[in-house]
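Trainee: Contents of work-v1.cif (mmCIF, C-alpha atoms (C1' of nucleotides)) are below:
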data_my_file
#
loop_
_atom_site.label_atom_id
_atom_site.label_comp_id
_atom_site.auth_asym_id
_atom_site.auth_seq_id
_atom_site.Cartn_x
_atom_site.Cartn_y
_atom_site.Cartn_z
CA MET A 677 -0.24 24.64 74.30
CA SER A 678 3.02 22.80 73.97
CA THR A 679 1.79 20.56 71.21
CA SER A 680 0.13 23.20 69.06
CA SER A 681 1.74 24.41 65.87
CA LYS A 682 2.67 27.92 66.86
CA ALA A 683 5.02 28.37 63.91
CA GLY A 684 7.91 29.84 65.79
CA TYR A 685 11.44 28.72 65.19
CA HIS A 686 10.45 25.33 66.49
CA HIS A 687 7.49 24.04 64.66
CA GLY A 688 6.02 22.03 67.50
CA ASN A 689 4.95 18.83 65.78
CA LEU A 690 6.71 18.82 62.48
CA ARG A 691 6.73 15.08 62.18
CA GLU A 692 2.98 14.90 62.18
CA THR A 693 2.70 17.87 59.86
CA LEU A 694 5.14 16.35 57.40
CA LEU A 695 3.19 13.12 57.32
CA THR A 696 -0.16 14.78 56.72
CA THR A 697 1.33 17.17 54.18
CA ALA A 698 3.00 14.34 52.30
CA MET A 699 -0.18 12.29 52.41
CA ARG A 700 -2.18 15.16 50.98
CA MET A 701 0.34 15.58 48.19
CA LEU A 702 0.00 11.91 47.37
CA GLU A 703 -3.77 12.22 47.22
CA GLU A 704 -3.49 15.17 44.89
CA GLY A 705 -1.26 13.17 42.59
CA GLU A 706 1.60 15.57 43.05
CA SER A 707 5.01 14.18 42.50
CA PHE A 708 6.63 13.58 45.77
CA SER A 709 9.90 14.91 47.09
CA LEU A 710 11.33 15.53 50.51
CA ARG A 711 12.08 19.10 49.59
CA ALA A 712 8.62 19.69 48.20
CA VAL A 713 7.03 18.36 51.37
CA ALA A 714 9.23 20.63 53.46
CA ARG A 715 8.44 23.58 51.23
CA ARG A 716 4.74 22.97 51.53
CA ALA A 717 5.03 22.56 55.26
CA GLY A 718 6.68 25.97 55.37
CA VAL A 719 9.95 24.68 56.70
CA SER A 720 13.55 24.54 55.50
CA PRO A 721 14.49 21.89 52.95
CA THR A 722 16.47 19.80 55.41
CA ALA A 723 14.19 20.05 58.39
CA PRO A 724 12.58 16.65 57.66
CA TYR A 725 15.90 14.99 58.40
CA ARG A 726 15.35 15.71 62.09
CA HIS A 727 12.37 13.36 61.97
CA PHE A 728 13.12 10.88 59.19
CA ALA A 729 16.45 9.27 58.47
CA ASP A 730 15.93 9.63 54.73
CA ARG A 731 13.31 9.71 52.07
CA ASP A 732 12.66 6.00 52.40
CA ALA A 733 11.84 6.40 56.07
CA LEU A 734 9.17 8.97 55.30
CA GLU A 735 7.77 6.76 52.59
CA SER A 736 7.71 3.78 54.90
CA ALA A 737 5.78 5.73 57.49
CA LEU A 738 3.25 6.73 54.84
CA ALA A 739 3.06 3.16 53.61
CA ALA A 740 2.29 1.92 57.12
CA GLU A 741 -0.45 4.50 57.43
CA GLY A 742 -1.81 3.42 54.08
CA LEU A 743 -1.87 -0.22 55.11
CA ARG A 744 -3.83 0.66 58.23
CA ASP A 745 -6.24 2.69 56.11
CA LEU A 746 -6.66 -0.23 53.75
CA LYS A 747 -7.43 -2.56 56.62
CA ALA A 748 -9.94 -0.07 57.96
CA ASP A 749 -11.61 0.12 54.54
CA LEU A 750 -11.86 -3.64 54.40
CA LEU A 751 -13.41 -3.78 57.85
CA LYS A 752 -15.86 -0.99 57.11
CA GLY A 753 -18.30 -3.34 55.43
CA GLY A 754 -19.51 -4.55 58.80
CA GLU A 755 -20.36 -8.20 58.50
CA PRO A 756 -17.59 -10.33 57.03
CA PRO A 757 -18.37 -11.81 53.62
CA ARG A 758 -20.14 -15.17 53.65
CA SER A 759 -20.29 -16.14 50.00
CA VAL A 760 -18.21 -15.84 46.89
CA SER A 761 -20.21 -12.86 45.73
CA ASP A 762 -19.72 -11.20 49.10
CA LEU A 763 -16.08 -11.96 48.62
CA ALA A 764 -16.02 -10.20 45.28
CA GLU A 765 -17.35 -7.05 46.91
CA PHE A 766 -14.65 -7.42 49.49
CA GLY A 767 -12.13 -7.60 46.68
CA ASN A 768 -13.64 -4.53 45.13
CA VAL A 769 -12.90 -2.59 48.29
CA TYR A 770 -9.27 -3.51 47.85
CA VAL A 771 -9.19 -2.64 44.17
CA ASN A 772 -11.04 0.60 44.78
CA PHE A 773 -8.52 1.59 47.39
CA ALA A 774 -5.75 1.13 44.86
CA LEU A 775 -7.56 3.12 42.19
CA ARG A 776 -8.66 5.88 44.54
CA ARG A 777 -5.24 6.41 46.05
CA PRO A 778 -2.83 5.16 43.42
CA ALA A 779 0.31 6.99 44.53
CA LEU A 780 -0.15 5.77 48.09
CA PHE A 781 -0.83 2.24 46.91
CA ARG A 782 2.41 2.29 44.96
CA LEU A 783 4.24 3.36 48.09
CA MET A 784 2.65 0.60 50.14
CA PHE A 785 3.65 -2.00 47.62
CA GLY A 786 5.98 -1.63 44.68
CA ASN A 787 9.18 -1.34 46.65
CA GLU A 788 11.33 -3.56 48.70
CA CYS A 789 9.77 -3.11 52.12
CA ASP A 790 12.66 -4.90 53.81
CA ASP A 791 12.05 -2.69 56.83
CA THR A 792 13.41 -4.37 59.82
CA ASN A 793 11.78 -3.29 63.04
CA ASP A 794 9.03 -1.23 61.46
CA ASP A 795 5.34 -1.17 62.20
CA ARG A 796 4.94 -1.30 58.47
CA VAL A 797 5.54 -5.03 58.36
CA ARG A 798 3.02 -5.46 61.13
CA ALA A 799 0.43 -3.46 59.22
CA ALA A 800 1.05 -5.59 56.15
CA ALA A 801 0.76 -8.78 58.17
CA GLU A 802 -2.54 -7.60 59.58
CA VAL A 803 -3.97 -7.18 56.11
CA HIS A 804 -2.81 -10.67 55.26
CA GLU A 805 -4.40 -12.09 58.38
CA LEU A 806 -7.62 -10.26 57.77
CA LEU A 807 -7.90 -11.72 54.29
CA GLY A 808 -6.97 -15.11 55.62
CA GLY A 809 -9.69 -14.98 58.24
CA VAL A 810 -12.31 -13.97 55.74
CA LEU A 811 -11.41 -16.70 53.29
CA GLY A 812 -11.15 -19.26 56.04
CA GLY A 813 -14.71 -18.41 57.06
CA ILE A 814 -16.03 -19.07 53.58
CA PHE A 815 -13.91 -22.10 52.75
CA PRO A 816 -13.51 -23.97 56.03
CA ASP A 817 -12.10 -27.08 54.39
CA ALA A 818 -9.27 -25.37 52.59
CA ASP A 819 -5.60 -25.09 53.43
CA ALA A 820 -6.13 -21.81 55.23
CA PRO A 821 -2.71 -20.16 54.93
CA SER A 822 -2.35 -21.07 51.28
CA LEU A 823 -5.82 -19.88 50.49
CA ALA A 824 -5.15 -16.65 52.33
CA THR A 825 -2.10 -16.05 50.20
CA ALA A 826 -3.91 -17.00 47.02
CA GLY A 827 -6.80 -14.71 47.85
CA TRP A 828 -4.52 -11.84 48.65
CA ALA A 829 -2.58 -12.43 45.44
CA LEU A 830 -5.75 -12.55 43.38
CA VAL A 831 -7.11 -9.27 44.63
CA HIS A 832 -3.71 -7.63 44.71
CA GLY A 833 -3.04 -8.71 41.17
CA LEU A 834 -6.38 -7.33 40.05
CA ALA A 835 -5.54 -4.05 41.74
CA CYS A 836 -2.08 -3.84 40.17
CA LEU A 837 -3.17 -4.76 36.69
CA HIS A 838 -5.94 -2.21 36.76
CA LEU A 839 -3.72 0.42 38.29
CA ASP A 840 -1.05 -0.08 35.67
CA GLY A 841 -3.49 0.10 32.82
CA LYS A 842 -2.91 -3.48 31.80
CA LEU A 843 -6.63 -4.11 31.62
CA ALA A 844 -8.52 -1.71 29.43
CA THR A 845 -10.83 0.17 31.72
CA THR A 846 -13.25 2.92 30.99
CA SER A 847 -15.53 3.22 34.00
CA PRO A 848 -15.44 2.25 37.67
CA ASP A 849 -18.49 0.07 37.10
CA GLU A 850 -16.62 -1.87 34.48
CA VAL A 851 -13.79 -2.46 36.93
CA ALA A 852 -16.20 -3.69 39.57
CA ASN A 853 -17.84 -6.07 37.14
CA ARG A 854 -14.53 -7.40 36.01
CA VAL A 855 -13.52 -8.07 39.58
CA ARG A 856 -16.80 -9.86 40.23
CA SER A 857 -16.60 -12.02 37.15
CA SER A 858 -12.96 -12.84 37.87
CA PHE A 859 -13.86 -14.03 41.34
CA ASP A 860 -16.76 -16.01 39.96
CA ALA A 861 -14.62 -17.55 37.25
CA ILE A 862 -11.76 -18.68 39.41
CA PHE A 863 -13.84 -19.95 42.32
CA SER A 864 -16.12 -21.92 40.09
CA ALA A 865 -13.48 -23.28 37.74
CA ARG A 866 -13.55 -27.04 37.31
CA ALA A 867 -10.70 -28.73 35.58
CA SER A 868 -11.68 -30.68 32.49
CA ALA A 869 -9.61 -33.65 33.62
CA SER A 870 -11.61 -33.97 36.83
CA LYS A 871 -14.90 -34.43 35.00
CA MET B 609 30.17 -2.52 7.87
CA SER B 610 27.71 0.32 8.01
CA THR B 611 25.90 -1.10 10.99
CA SER B 612 28.94 -1.89 13.10
CA SER B 613 29.87 0.28 16.04
CA LYS B 614 33.03 1.94 14.78
CA ALA B 615 32.98 4.47 17.63
CA GLY B 616 33.61 7.57 15.60
CA TYR B 617 31.75 10.76 16.23
CA HIS B 618 28.64 9.01 15.12
CA HIS B 619 28.16 5.88 17.09
CA GLY B 620 26.39 3.91 14.40
CA ASN B 621 23.67 2.18 16.35
CA LEU B 622 23.41 4.04 19.59
CA ARG B 623 19.79 3.19 20.11
CA GLU B 624 20.49 -0.51 20.25
CA THR B 625 23.56 0.00 22.40
CA LEU B 626 21.62 2.12 24.87
CA LEU B 627 18.93 -0.52 25.18
CA THR B 628 21.35 -3.36 25.80
CA THR B 629 23.44 -1.26 28.16
CA ALA B 630 20.39 -0.21 30.14
CA MET B 631 19.12 -3.77 30.24
CA ARG B 632 22.43 -5.00 31.59
CA MET B 633 22.37 -2.33 34.26
CA LEU B 634 18.91 -3.48 35.28
CA GLU B 635 20.09 -7.06 35.54
CA GLU B 636 22.98 -6.01 37.72
CA GLY B 637 20.63 -4.20 40.04
CA GLU B 638 22.27 -0.89 39.36
CA SER B 639 20.16 2.13 39.89
CA PHE B 640 19.05 3.42 36.63
CA SER B 641 19.54 6.86 35.11
CA LEU B 642 19.66 8.22 31.63
CA ARG B 643 23.00 9.83 32.33
CA ALA B 644 24.43 6.66 33.80
CA VAL B 645 23.39 4.67 30.76
CA ALA B 646 24.96 7.25 28.48
CA ARG B 647 28.14 7.26 30.58
CA ARG B 648 28.40 3.52 30.42
CA ALA B 649 27.77 3.53 26.71
CA GLY B 650 30.69 5.94 26.37
CA VAL B 651 28.59 8.74 25.01
CA SER B 652 27.69 12.25 26.09
CA PRO B 653 24.98 12.68 28.75
CA THR B 654 22.44 14.05 26.34
CA ALA B 655 23.05 11.74 23.42
CA PRO B 656 20.18 9.43 24.40
CA TYR B 657 17.74 12.23 23.67
CA ARG B 658 18.39 11.72 19.99
CA HIS B 659 16.81 8.30 20.28
CA PHE B 660 14.36 8.54 23.14
CA ALA B 661 12.05 11.44 23.86
CA ASP B 662 12.69 11.17 27.57
CA ARG B 663 13.48 8.73 30.30
CA ASP B 664 10.01 7.22 30.18
CA ALA B 665 10.45 6.38 26.52
CA LEU B 666 13.59 4.40 27.24
CA GLU B 667 11.88 2.65 30.11
CA SER B 668 8.92 1.80 27.95
CA ALA B 669 11.15 0.26 25.32
CA LEU B 670 12.81 -1.83 28.00
CA ALA B 671 9.45 -2.81 29.40
CA ALA B 672 8.27 -3.99 26.01
CA GLU B 673 11.39 -6.08 25.65
CA GLY B 674 10.80 -7.50 29.11
CA LEU B 675 7.24 -8.44 28.26
CA ARG B 676 8.41 -10.28 25.18
CA ASP B 677 11.04 -12.07 27.26
CA LEU B 678 8.40 -13.05 29.79
CA LYS B 679 6.19 -14.46 27.07
CA ALA B 680 9.15 -16.39 25.70
CA ASP B 681 9.85 -17.81 29.16
CA LEU B 682 6.25 -18.91 29.50
CA LEU B 683 6.34 -20.62 26.13
CA LYS B 684 9.64 -22.31 26.81
CA GLY B 685 8.01 -25.15 28.71
CA GLY B 686 6.97 -26.78 25.46
CA GLU B 687 3.63 -28.44 25.96
CA PRO B 688 0.97 -26.16 27.45
CA PRO B 689 -0.17 -27.11 30.96
CA ARG B 690 -3.03 -29.60 31.16
CA SER B 691 -3.76 -29.81 34.85
CA VAL B 692 -3.83 -27.55 37.87
CA SER B 693 -0.42 -28.76 38.96
CA ASP B 694 0.94 -28.06 35.47
CA LEU B 695 -0.62 -24.67 35.87
CA ALA B 696 1.22 -24.04 39.10
CA GLU B 697 4.52 -24.68 37.37
CA PHE B 698 3.43 -22.27 34.71
CA GLY B 699 2.77 -19.73 37.44
CA ASN B 700 6.18 -20.41 38.87
CA VAL B 701 7.77 -19.40 35.60
CA TYR B 702 6.04 -16.06 35.94
CA VAL B 703 7.03 -15.62 39.57
CA ASN B 704 10.58 -16.68 38.87
CA PHE B 705 10.84 -14.15 36.11
CA ALA B 706 9.86 -11.43 38.56
CA LEU B 707 12.32 -12.60 41.19
CA ARG B 708 15.15 -13.15 38.76
CA ARG B 709 14.81 -9.78 37.07
CA PRO B 710 13.16 -7.59 39.70
CA ALA B 711 14.17 -4.19 38.36
CA LEU B 712 12.94 -5.07 34.90
CA PHE B 713 9.71 -6.49 36.28
CA ARG B 714 9.09 -3.23 38.11
CA LEU B 715 9.57 -1.36 34.85
CA MET B 716 7.18 -3.64 33.02
CA PHE B 717 4.51 -3.15 35.64
CA GLY B 718 4.50 -0.67 38.47
CA ASN B 719 3.92 2.40 36.36
CA GLU B 720 1.20 3.90 34.33
CA CYS B 721 1.85 2.34 30.96
CA ASP B 722 -0.62 4.64 29.25
CA ASP B 723 1.54 4.43 26.17
CA THR B 724 -0.52 5.25 23.22
CA ASN B 725 0.81 3.79 20.00
CA ASP B 726 3.50 1.65 21.57
CA ASP B 727 4.35 -1.97 20.95
CA ARG B 728 4.46 -2.23 24.69
CA VAL B 729 0.71 -2.51 24.99
CA ARG B 730 0.76 -5.19 22.33
CA ALA B 731 3.39 -7.16 24.24
CA ALA B 732 1.29 -6.91 27.38
CA ALA B 733 -1.82 -8.02 25.54
CA GLU B 734 0.04 -11.03 24.18
CA VAL B 735 0.93 -12.16 27.68
CA HIS B 736 -2.71 -11.78 28.65
CA GLU B 737 -3.86 -13.82 25.67
CA LEU B 738 -1.31 -16.50 26.30
CA LEU B 739 -2.52 -16.93 29.87
CA GLY B 740 -6.09 -16.88 28.68
CA GLY B 741 -5.43 -19.61 26.16
CA VAL B 742 -3.74 -21.80 28.71
CA LEU B 743 -6.51 -21.45 31.25
CA GLY B 744 -9.16 -21.92 28.63
CA GLY B 745 -7.55 -25.22 27.71
CA ILE B 746 -7.76 -26.50 31.26
CA PHE B 747 -11.16 -25.09 32.15
CA PRO B 748 -13.19 -25.30 28.97
CA ASP B 749 -16.49 -24.57 30.70
CA ALA B 750 -15.40 -21.34 32.31
CA ASP B 751 -16.02 -17.74 31.32
CA ALA B 752 -12.78 -17.59 29.38
CA PRO B 753 -11.94 -13.88 29.46
CA SER B 754 -12.77 -13.56 33.13
CA LEU B 755 -10.78 -16.62 34.00
CA ALA B 756 -7.86 -15.31 31.97
CA THR B 757 -7.92 -12.12 33.95
CA ALA B 758 -8.29 -13.93 37.23
CA GLY B 759 -5.42 -16.26 36.42
CA TRP B 760 -3.19 -13.42 35.39
CA ALA B 761 -4.09 -11.52 38.53
CA LEU B 762 -3.39 -14.52 40.72
CA VAL B 763 0.06 -15.15 39.37
CA HIS B 764 0.86 -11.47 39.06
CA GLY B 765 -0.20 -10.89 42.63
CA LEU B 766 1.97 -13.76 43.81
CA ALA B 767 4.89 -12.28 41.93
CA CYS B 768 4.36 -8.78 43.34
CA LEU B 769 3.86 -9.89 46.91
CA HIS B 770 6.98 -12.00 46.82
CA LEU B 771 8.95 -9.31 45.07
CA ASP B 772 7.97 -6.70 47.62
CA GLY B 773 8.81 -8.92 50.56
CA LYS B 774 5.22 -9.10 51.74
CA LEU B 775 5.48 -12.85 52.08
CA ALA B 776 8.33 -14.05 54.23
CA THR B 777 10.59 -15.97 51.95
CA THR B 778 13.88 -17.63 52.61
CA SER B 779 14.58 -19.93 49.68
CA PRO B 780 13.47 -20.24 46.06
CA ASP B 781 12.08 -23.68 46.85
CA GLU B 782 9.88 -22.18 49.48
CA VAL B 783 8.54 -19.69 46.97
CA ALA B 784 7.80 -22.44 44.48
CA ASN B 785 5.98 -24.46 47.10
CA ARG B 786 3.95 -21.50 48.17
CA VAL B 787 2.92 -20.84 44.60
CA ARG B 788 1.92 -24.48 44.17
CA SER B 789 -0.10 -24.62 47.33
CA SER B 790 -1.77 -21.32 46.52
CA PHE B 791 -2.86 -22.65 43.16
CA ASP B 792 -4.07 -25.84 44.76
CA ALA B 793 -5.95 -23.99 47.45
CA ILE B 794 -7.80 -21.57 45.23
CA PHE B 795 -8.67 -24.04 42.47
CA SER B 796 -9.97 -26.60 44.89
CA ALA B 797 -11.81 -24.22 47.19
CA ARG B 798 -15.42 -25.12 47.79
CA ALA B 799 -17.68 -22.65 49.51
CA SER B 800 -19.22 -23.90 52.73
CA ALA B 801 -22.63 -22.62 51.64
CA SER B 802 -22.60 -24.86 48.57
CA LYS B 803 -22.27 -28.03 50.61
"C1'" DG C 252 19.26 30.66 85.69
"C1'" DC C 253 21.94 27.62 83.39
"C1'" DA C 254 23.57 23.61 80.80
"C1'" DG C 255 22.26 20.22 77.55
"C1'" DT C 256 19.74 18.66 73.94
"C1'" DA C 257 16.14 18.46 70.56
"C1'" DT C 258 14.80 20.80 66.69
"C1'" DG C 259 15.15 23.97 62.75
"C1'" DT C 260 18.43 26.72 59.29
"C1'" DT C 261 22.19 27.53 56.08
"C1'" DT C 262 25.38 26.27 53.00
"C1'" DA C 263 27.28 23.06 50.04
"C1'" DC C 264 28.14 18.86 47.09
"C1'" DG C 265 27.21 15.66 43.57
"C1'" DG C 266 23.63 13.62 40.96
"C1'" DT C 267 19.48 13.91 37.91
"C1'" DG C 268 16.28 15.02 33.74
"C1'" DC C 269 15.98 18.08 30.17
"C1'" DT C 270 16.72 22.27 26.77
"C1'" DC C 271 19.25 24.69 23.57
"C1'" DA C 272 22.99 26.15 20.80
"C1'" DC C 273 26.70 24.12 18.43
"C1'" DA C 274 29.83 20.43 16.07
"C1'" DT C 275 30.34 16.60 13.06
"C1'" DG C 276 30.10 13.73 9.31
"C1'" DA C 277 27.27 10.33 6.40
"C1'" DG C 278 24.61 10.20 2.45
"C1'" DA C 279 21.58 12.34 -1.29
"C1'" DG C 280 21.52 14.95 -5.51
"C1'" DC C 281 24.01 16.85 -8.88
"C1'" DG D 710 33.72 13.75 -7.08
"C1'" DC D 711 31.61 18.01 -4.68
"C1'" DT D 712 28.49 20.16 -1.99
"C1'" DC D 713 24.48 20.66 0.90
"C1'" DT D 714 21.52 18.83 4.18
"C1'" DC D 715 20.17 16.85 8.08
"C1'" DA D 716 20.42 13.12 11.34
"C1'" DT D 717 23.25 12.38 15.08
"C1'" DG D 718 26.47 13.48 18.82
"C1'" DT D 719 28.56 17.31 22.13
"C1'" DG D 720 28.66 20.98 25.64
"C1'" DA D 721 27.08 24.34 28.70
"C1'" DG D 722 23.48 25.37 31.61
"C1'" DC D 723 18.99 25.25 34.27
"C1'" DA D 724 16.16 23.73 38.05
"C1'" DC D 725 15.54 20.19 40.87
"C1'" DC D 726 16.71 16.35 43.96
"C1'" DG D 727 18.73 13.74 48.31
"C1'" DT D 728 21.91 14.25 51.80
"C1'" DA D 729 25.68 15.93 54.97
"C1'" DA D 730 27.93 19.32 58.10
"C1'" DA D 731 28.15 23.36 60.67
"C1'" DC D 732 25.44 26.58 62.87
"C1'" DA D 733 21.25 28.88 65.35
"C1'" DT D 734 17.50 28.61 68.44
"C1'" DA D 735 14.63 27.53 72.22
"C1'" DC D 736 12.62 23.92 75.25
"C1'" DT D 737 13.87 20.99 79.47
"C1'" DG D 738 15.57 19.29 83.66
"C1'" DC D 739 18.46 20.56 87.20
#
Using structure tokens, write down the structure that the file contains.
Mentor:
Amino acid sequence: MSTSSKAGYHHGNLRETLLTTAMRMLEEGESFSLRAVARRAGVSPTAPYRHFADRDALESALAAEGLRDLKADLLKGGEPPRSVSDLAEFGNVYVNFALRRPALFRLMFGNECDDTNDDRVRAAAEVHELLGGVLGGIFPDADAPSLATAGWALVHGLACLHLDGKLATTSPDEVANRVRSSFDAIFSARASASK
Amino acid sequence: MSTSSKAGYHHGNLRETLLTTAMRMLEEGESFSLRAVARRAGVSPTAPYRHFADRDALESALAAEGLRDLKADLLKGGEPPRSVSDLAEFGNVYVNFALRRPALFRLMFGNECDDTNDDRVRAAAEVHELLGGVLGGIFPDADAPSLATAGWALVHGLACLHLDGKLATTSPDEVANRVRSSFDAIFSARASASK
DNA sequence: GCAGTATGTTTACGGTGCTCACATGAGAGC
DNA sequence: GCTCTCATGTGAGCACCGTAAACATACTGC
């Protein structure tokens, strides 16, 4: 019973509890603060400092978890995409993640992320690789790393612009259609000069 | 002399001064606070509230200014791009803006921007239209609005990913090259199934 | 059992956004 | 030119925040 949360003076597994508490607050759209997380976890305001160097450290841990969740979402589709339209659905998974968990998405991206020695950078790299692999499968003749970056940027940009309200959006269906048509448009674009 | 800043009890044009002061603080990478801006402007901590409803209002005003600056940067090149490689340079202007003025860029994007009745949304729309016009000129056969969105997303994603350190980056040249090769890769990608 | 250490608490400091009551003085109407 | 008004700036004060330091507790290995 050493790992259970018996709620004595020593919590037992505060670190884990803080992470799940903070994550739940993010999901609920609550504004985030170290003290608020501690309060909600039923612990003194400075207790988190025994487990996280500072607020950024907690956020980084959450961001890493979010990146792993995002990767899991992307893999959930089963078969990797094989066509551009498959690819658009893949992109929609990414965009939907951002819209479904906006506060978390903003933690994952939207700040410096210069974390030396963190598993956060690894999680981010894995997302990059995953996208690269998918695109490489569909476009075998392309410059794979560049296309991976371009693909990531495209879908990430769509997610950000939607998230920030830069693209008028009324319904989820509309978002999905916009993502699809954007993929279609850019992957079928032919320069006029090359005619 | 009614509009000069004579520094009596009444500042004269505090609103303008606050904006320029705040903008300079952003450029210098200083962390931003209403009180700090007021301090630096030599005015009491609550004076800004006479000109901005709250912190968000100040930020929104700065964001609008930033969006206009970005548009101006994009237009500065003179002739609109005519080829994909021209387009990549165009994208580099966008990315460079983000990297040169990161704090401002994060204000412009990176938050809700649900500003009803602001000139901020207009400024954002103008950037969108500008990109749409440019892309439409190069790809006359494409679905113009979708391609505009896709192009914006691509370049915006590149900017965000670089800004957030998601793409290992050592020198500005390296960034520029990555942007170029990303543009090349995605605009020349041919699906294997279409062979 | 006992020492040492990991973990949680308390108190405190300076900073923040924001509200409200008050001070000032520029400009409108006479 | 005088006064009244009201936009504009000030000040004190609230609740919150992140963080540090000193202290309390209880698990752990010996």
Trainee: Report the closest atom pair, with its distance in Å rounded to one decimal, for each residue of chain C that has an atom no farther than 12 Å from chain A; count all atoms listed in the file, sort by chain and then rising residue number, and write it as a Markdown table.
Mentor:
| residue | atom | partner | partner_atom | distance |
| --- | --- | --- | --- | --- |
| C:DA257 | C1' | A:Arg726 | CA | 8.9 |
| C:DT258 | C1' | A:His686 | CA | 6.3 |
| C:DG259 | C1' | A:Ala723 | CA | 5.9 |
| C:DT260 | C1' | A:Ser720 | CA | 6.6 |
| C:DT261 | C1' | A:Ser720 | CA | 9.2 |
| C:DT262 | C1' | A:Thr722 | CA | 11.3 |
Trainee: Give me, as JSON lines, the closest atom pair and its distance (Å, one decimal) for every residue of range 740-803 of chain A within a cut-off of 12 Å of range 709-716 of chain B, counting all atoms listed in the file, rows sorted by chain and rising number.
Mentor:
{"residue": "A:Arg782", "atom": "CA", "partner": "B:Arg714", "partner_atom": "CA", "distance": 11.0}
{"residue": "A:Phe785", "atom": "CA", "partner": "B:Arg714", "partner_atom": "CA", "distance": 11.0}
{"residue": "A:Gly786", "atom": "CA", "partner": "B:Arg714", "partner_atom": "CA", "distance": 7.4}
{"residue": "A:Asn787", "atom": "CA", "partner": "B:Arg714", "partner_atom": "CA", "distance": 8.7}
{"residue": "A:Glu788", "atom": "CA", "partner": "B:Pro710", "partner_atom": "CA", "distance": 10.0}
Trainee: Residues within 10 Å of range 773-781 of chain B, please, as a list in words. Count only C-alpha atoms (C1' of nucleotides); anything in the same chain fewer than 2 positions from it doesn't count.
Mentor: Phe785, Gly786, Asn787, Glu788, Cys789, Asp790, Asp791, Val797, Ala800, Ala801, His804 and Thr825 of chain A; Asn704, Leu707, Leu766, Cys768, Leu769, His770, Leu771, Val783, Ala784, Asn785, Arg786 and Val787 of chain B
Trainee: Which residues of chain D are close to chain B, meaning at most 12 Å apart when you count all atoms listed in the file, and how do they look as a count of residues only?
Mentor: 6
Trainee: Quick one: distance from CA of Pro757 in chain A to CA of Leu806 in chain A in Å, one decimal?
Mentor: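 Straight-line distance from CA of Pro757 in chain A to CA of Leu806 in chain A works out to 11.6 Å.
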Trainee: Report, in Å with one decimal, the straight-line distance from CA of Asn621 in chain B to C1' of DG276 in chain C.
Mentor: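 Result for CA of Asn621 in chain B versus C1' of DG276 in chain C: 15.0 Å, one decimal.
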Trainee: Would you kindly translate the PyMOL selection byres ((chain B and resi 672) around 8) into the concrete residues it picks from this file, as a PyMOL selection string?
Mentor: chain B and resi 668-671+673-676+716+727-729+731-732
Trainee: Using the selection just defined, write its residues with C-alpha atoms as a PDB file, keeping the file's coordinate frame.
Mentor:
ATOM      1  CA  SER B 668       8.920   1.800  27.950  1.00  0.00           C
ATOM      2  CA  ALA B 669      11.150   0.260  25.320  1.00  0.00           C
ATOM      3  CA  LEU B 670      12.810  -1.830  28.000  1.00  0.00           C
ATOM      4  CA  ALA B 671       9.450  -2.810  29.400  1.00  0.00           C
ATOM      5  CA  GLU B 673      11.390  -6.080  25.650  1.00  0.00           C
ATOM      6  CA  GLY B 674      10.800  -7.500  29.110  1.00  0.00           C
ATOM      7  CA  LEU B 675       7.240  -8.440  28.260  1.00  0.00           C
ATOM      8  CA  ARG B 676       8.410 -10.280  25.180  1.00  0.00           C
ATOM      9  CA  MET B 716       7.180  -3.640  33.020  1.00  0.00           C
ATOM     10  CA  ASP B 727       4.350  -1.970  20.950  1.00  0.00           C
ATOM     11  CA  ARG B 728       4.460  -2.230  24.690  1.00  0.00           C
ATOM     12  CA  VAL B 729       0.710  -2.510  24.990  1.00  0.00           C
ATOM     13  CA  ALA B 731       3.390  -7.160  24.240  1.00  0.00           C
ATOM     14  CA  ALA B 732       1.290  -6.910  27.380  1.00  0.00           C
TER      15      ALA B 732
END
Trainee: Can you turn the PyMOL selection byres ((chain A and resi 767) around 9) into a concrete residue list for this file, as an MDAnalysis selection string?
Mentor: chainID A and resid 750 762:766 768:772 827:828 830:832 834:835 855:856 859
Trainee: How would you write, as a PyMOL selection string, the residues chosen by the PyMOL selection byres ((chain B and resi 645) around 9) on this structure?
Mentor: chain B and resi 626-627+629-630+633+640-644+646-651+653+656
Trainee: What is the CA of Gly813 in chain A to CA of Asp860 in chain A distance in Å?
Mentor: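 Interatomic distance here is 17.4 Å.
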Trainee: Kindly compute an axis-aligned box around the listed atoms of range 712-724 of chain D, allowing 3 Å on each side, and express its centre and edge lengths in Å to one decimal as JSON.
Mentor:
{"center_x": 22.4, "center_y": 18.9, "center_z": 18.0, "size_x": 18.5, "size_y": 19.0, "size_z": 46.0}
Trainee: Under the rule that all atoms listed in the file are counted, which of A:Arg758, A:Glu805, A:Glu703, A:Ala774 is the nearest residue to chain B?
Mentor: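 Smallest distance to chain B is found for A:Arg758.
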Trainee: Tell me, as an MDAnalysis selection string, which residues lie within 12 Å of DA263 in chain C, counting only C-alpha atoms (C1' of nucleotides); anything in the same chain fewer than 3 positions away does not count.
Mentor: chainID D and resid 728:731
Trainee: Rank nothing, just name the residue among A:Leu746, A:Ala729, A:Leu734, A:Ala820 nearest to chain B, using only C-alpha atoms.
Mentor: A:Ala820
